[in-house]
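*Asks:* A single structure is presented below for examination.
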Amino acid sequence: MGMLTEFKEFAMRGNVIDLAVGVVIGAAFGKIVTALVDKIIMPPLGYLIGRVDFSELAWTLSPARVAADGTEIPAVVIGYGDFLNTLVQFIIVAFAIFMVVKVINRLAKKKEAAPAAPKEEILLLREIRDNLKK
């Protein structure tokens, strides 16, 4: 079997296509969560804490300066505000995934709980057994 044929079989499996759809939906969901955190959750939170814009929170290790030859040396900054925004985004995404998995597990348990109907052969054997008892 040629490599191209093998690759085609691999790519056309249901799992690969499901994974690709999941990645695309996940990327879109990530953008929604980013907008939710950056534009809706963090501004009121920053306002309540003391009119702080979390995305601008930073710790300056070395301020910007001009070197002796006239070139500008940028400041060395640790932007922990962006980290806080990303952390809130992660918590929201993790919670959403937890809720989806919880629902899927609940549905899977319901499917397992329903007993399967006995096969036709078993029903026939039971009927024969009952007739022999008479």
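Going through the structure tokens in order, the chains are called A, B, and so on, while each chain numbers its residues from 1 and the ligands are numbered from 1 in the order shown.
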Can you pull out every residue from chain A that DSSP, working from the backbone, puts in strand (DSSP E or B), and format the result as a PDB file with N, CA, C and O atoms, in the first residue's frame?
*Replies:*
```
ATOM      1  N   TRP A  59       5.591  44.776  36.359  1.00  0.00           N
ATOM      2  CA  TRP A  59       6.681  45.034  37.302  1.00  0.00           C
ATOM      3  C   TRP A  59       7.904  45.394  36.461  1.00  0.00           C
ATOM      4  O   TRP A  59       8.396  44.578  35.682  1.00  0.00           O
ATOM      5  N   THR A  60       8.379  46.618  36.591  1.00  0.00           N
ATOM      6  CA  THR A  60       9.495  47.090  35.774  1.00  0.00           C
ATOM      7  C   THR A  60      10.801  46.738  36.463  1.00  0.00           C
ATOM      8  O   THR A  60      11.085  47.195  37.571  1.00  0.00           O
ATOM      9  N   LEU A  61      11.596  45.897  35.804  1.00  0.00           N
ATOM     10  CA  LEU A  61      12.898  45.509  36.350  1.00  0.00           C
ATOM     11  C   LEU A  61      13.954  46.557  36.025  1.00  0.00           C
ATOM     12  O   LEU A  61      14.833  46.837  36.828  1.00  0.00           O
ATOM     13  N   SER A  62      13.851  47.106  34.820  1.00  0.00           N
ATOM     14  CA  SER A  62      14.800  48.116  34.388  1.00  0.00           C
ATOM     15  C   SER A  62      14.057  49.108  33.501  1.00  0.00           C
ATOM     16  O   SER A  62      13.456  48.712  32.505  1.00  0.00           O
ATOM     17  N   ARG A  65      15.811  53.432  28.708  1.00  0.00           N
ATOM     18  CA  ARG A  65      16.873  54.441  28.781  1.00  0.00           C
ATOM     19  C   ARG A  65      17.498  54.609  27.405  1.00  0.00           C
ATOM     20  O   ARG A  65      17.234  53.837  26.492  1.00  0.00           O
ATOM     21  N   VAL A  66      18.319  55.630  27.311  1.00  0.00           N
ATOM     22  CA  VAL A  66      19.029  55.907  26.061  1.00  0.00           C
ATOM     23  C   VAL A  66      20.507  55.590  26.292  1.00  0.00           C
ATOM     24  O   VAL A  66      21.115  56.060  27.248  1.00  0.00           O
ATOM     25  N   GLU A  72      17.884  53.778  21.751  1.00  0.00           N
ATOM     26  CA  GLU A  72      16.959  53.611  22.868  1.00  0.00           C
ATOM     27  C   GLU A  72      16.948  52.152  23.321  1.00  0.00           C
ATOM     28  O   GLU A  72      16.785  51.247  22.510  1.00  0.00           O
ATOM     29  N   ILE A  73      17.115  51.942  24.600  1.00  0.00           N
ATOM     30  CA  ILE A  73      17.056  50.598  25.178  1.00  0.00           C
ATOM     31  C   ILE A  73      15.701  50.471  25.872  1.00  0.00           C
ATOM     32  O   ILE A  73      15.402  51.236  26.790  1.00  0.00           O
ATOM     33  N   VAL A  76      12.755  46.669  30.697  1.00  0.00           N
ATOM     34  CA  VAL A  76      12.596  45.242  30.964  1.00  0.00           C
ATOM     35  C   VAL A  76      11.431  45.122  31.944  1.00  0.00           C
ATOM     36  O   VAL A  76      11.508  45.604  33.076  1.00  0.00           O
ATOM     37  N   VAL A  77      10.333  44.497  31.475  1.00  0.00           N
ATOM     38  CA  VAL A  77       9.088  44.504  32.232  1.00  0.00           C
ATOM     39  C   VAL A  77       8.529  43.084  32.329  1.00  0.00           C
ATOM     40  O   VAL A  77       8.551  42.334  31.358  1.00  0.00           O
ATOM     41  N   ILE A  78       8.026  42.747  33.510  1.00  0.00           N
ATOM     42  CA  ILE A  78       7.283  41.496  33.697  1.00  0.00           C
ATOM     43  C   ILE A  78       5.804  41.876  33.739  1.00  0.00           C
ATOM     44  O   ILE A  78       5.355  42.539  34.671  1.00  0.00           O
TER      45      ILE A  78
END
```
*Asks:* Within 8 Å of range 13-34 of chain A, which residues of range 40-119 of chain A show up? Give each one with its shortest atom-to-atom distance in Å (one decimal) and the two atoms involved, counting only C-alpha atoms, rows by chain then rising residue number, as a Markdown table.
*Replies:*
```
| residue | atom | partner | partner_atom | distance |
| --- | --- | --- | --- | --- |
| A:Gln89 | CA | A:Val33 | CA | 6.1 |
| A:Ile92 | CA | A:Val33 | CA | 7.3 |
| A:Val93 | CA | A:Val33 | CA | 7.2 |
```
*Asks:* Considering only C-alpha atoms, return as a PDB file with N, CA and C atoms, in the first residue's frame whatever protein or nucleic-acid residues lie within 9 Å of Thr86 in chain A, sequence-local ones (same chain, fewer than 5 positions apart) excluded.
*Replies:*
```pdb
ATOM      1  N   THR A  34     -11.638  34.777  25.522  1.00  0.00           N
ATOM      2  CA  THR A  34     -10.703  35.900  25.613  1.00  0.00           C
ATOM      3  C   THR A  34     -11.464  37.224  25.611  1.00  0.00           C
ATOM      4  N   VAL A  37     -13.321  37.650  28.989  1.00  0.00           N
ATOM      5  CA  VAL A  37     -12.448  38.033  30.101  1.00  0.00           C
ATOM      6  C   VAL A  37     -11.936  39.455  29.924  1.00  0.00           C
ATOM      7  N   GLY A  81      -0.060  41.346  34.729  1.00  0.00           N
ATOM      8  CA  GLY A  81      -1.476  41.615  34.472  1.00  0.00           C
ATOM      9  C   GLY A  81      -2.011  40.745  33.340  1.00  0.00           C
ATOM     10  N   ILE A  91      -9.316  29.344  33.666  1.00  0.00           N
ATOM     11  CA  ILE A  91     -10.287  28.837  34.633  1.00  0.00           C
ATOM     12  C   ILE A  91     -11.667  28.732  33.982  1.00  0.00           C
TER      13      ILE A  91
END
```
*Asks:* Restricting the calculation to only C-alpha atoms, which member of A:Asp82, A:Glu120, A:Asp38, A:Glu127 is positioned closest to Ala58 in chain A?
*Replies:* A:Asp82
*Asks:* Could you pull out the residues in chain A that DSSP calls alpha helix (DSSP H) from the backbone, as JSON, numbers by chain?
*Replies:* {"A": [3, 4, 5, 6, 7, 8, 9, 10, 11, 14, 15, 16, 17, 18, 19, 20, 21, 22, 23, 24, 25, 26, 27, 28, 29, 30, 31, 32, 33, 34, 35, 42, 43, 44, 45, 46, 47, 48, 49, 50, 80, 81, 82, 83, 84, 85, 86, 87, 88, 89, 90, 91, 92, 93, 94, 95, 96, 97, 98, 99, 100, 101, 102, 103, 104, 105, 106, 107, 108, 109, 110, 111, 112, 113, 120, 121, 122, 123, 124, 125, 126, 127, 128, 129, 130, 131, 132, 133]}
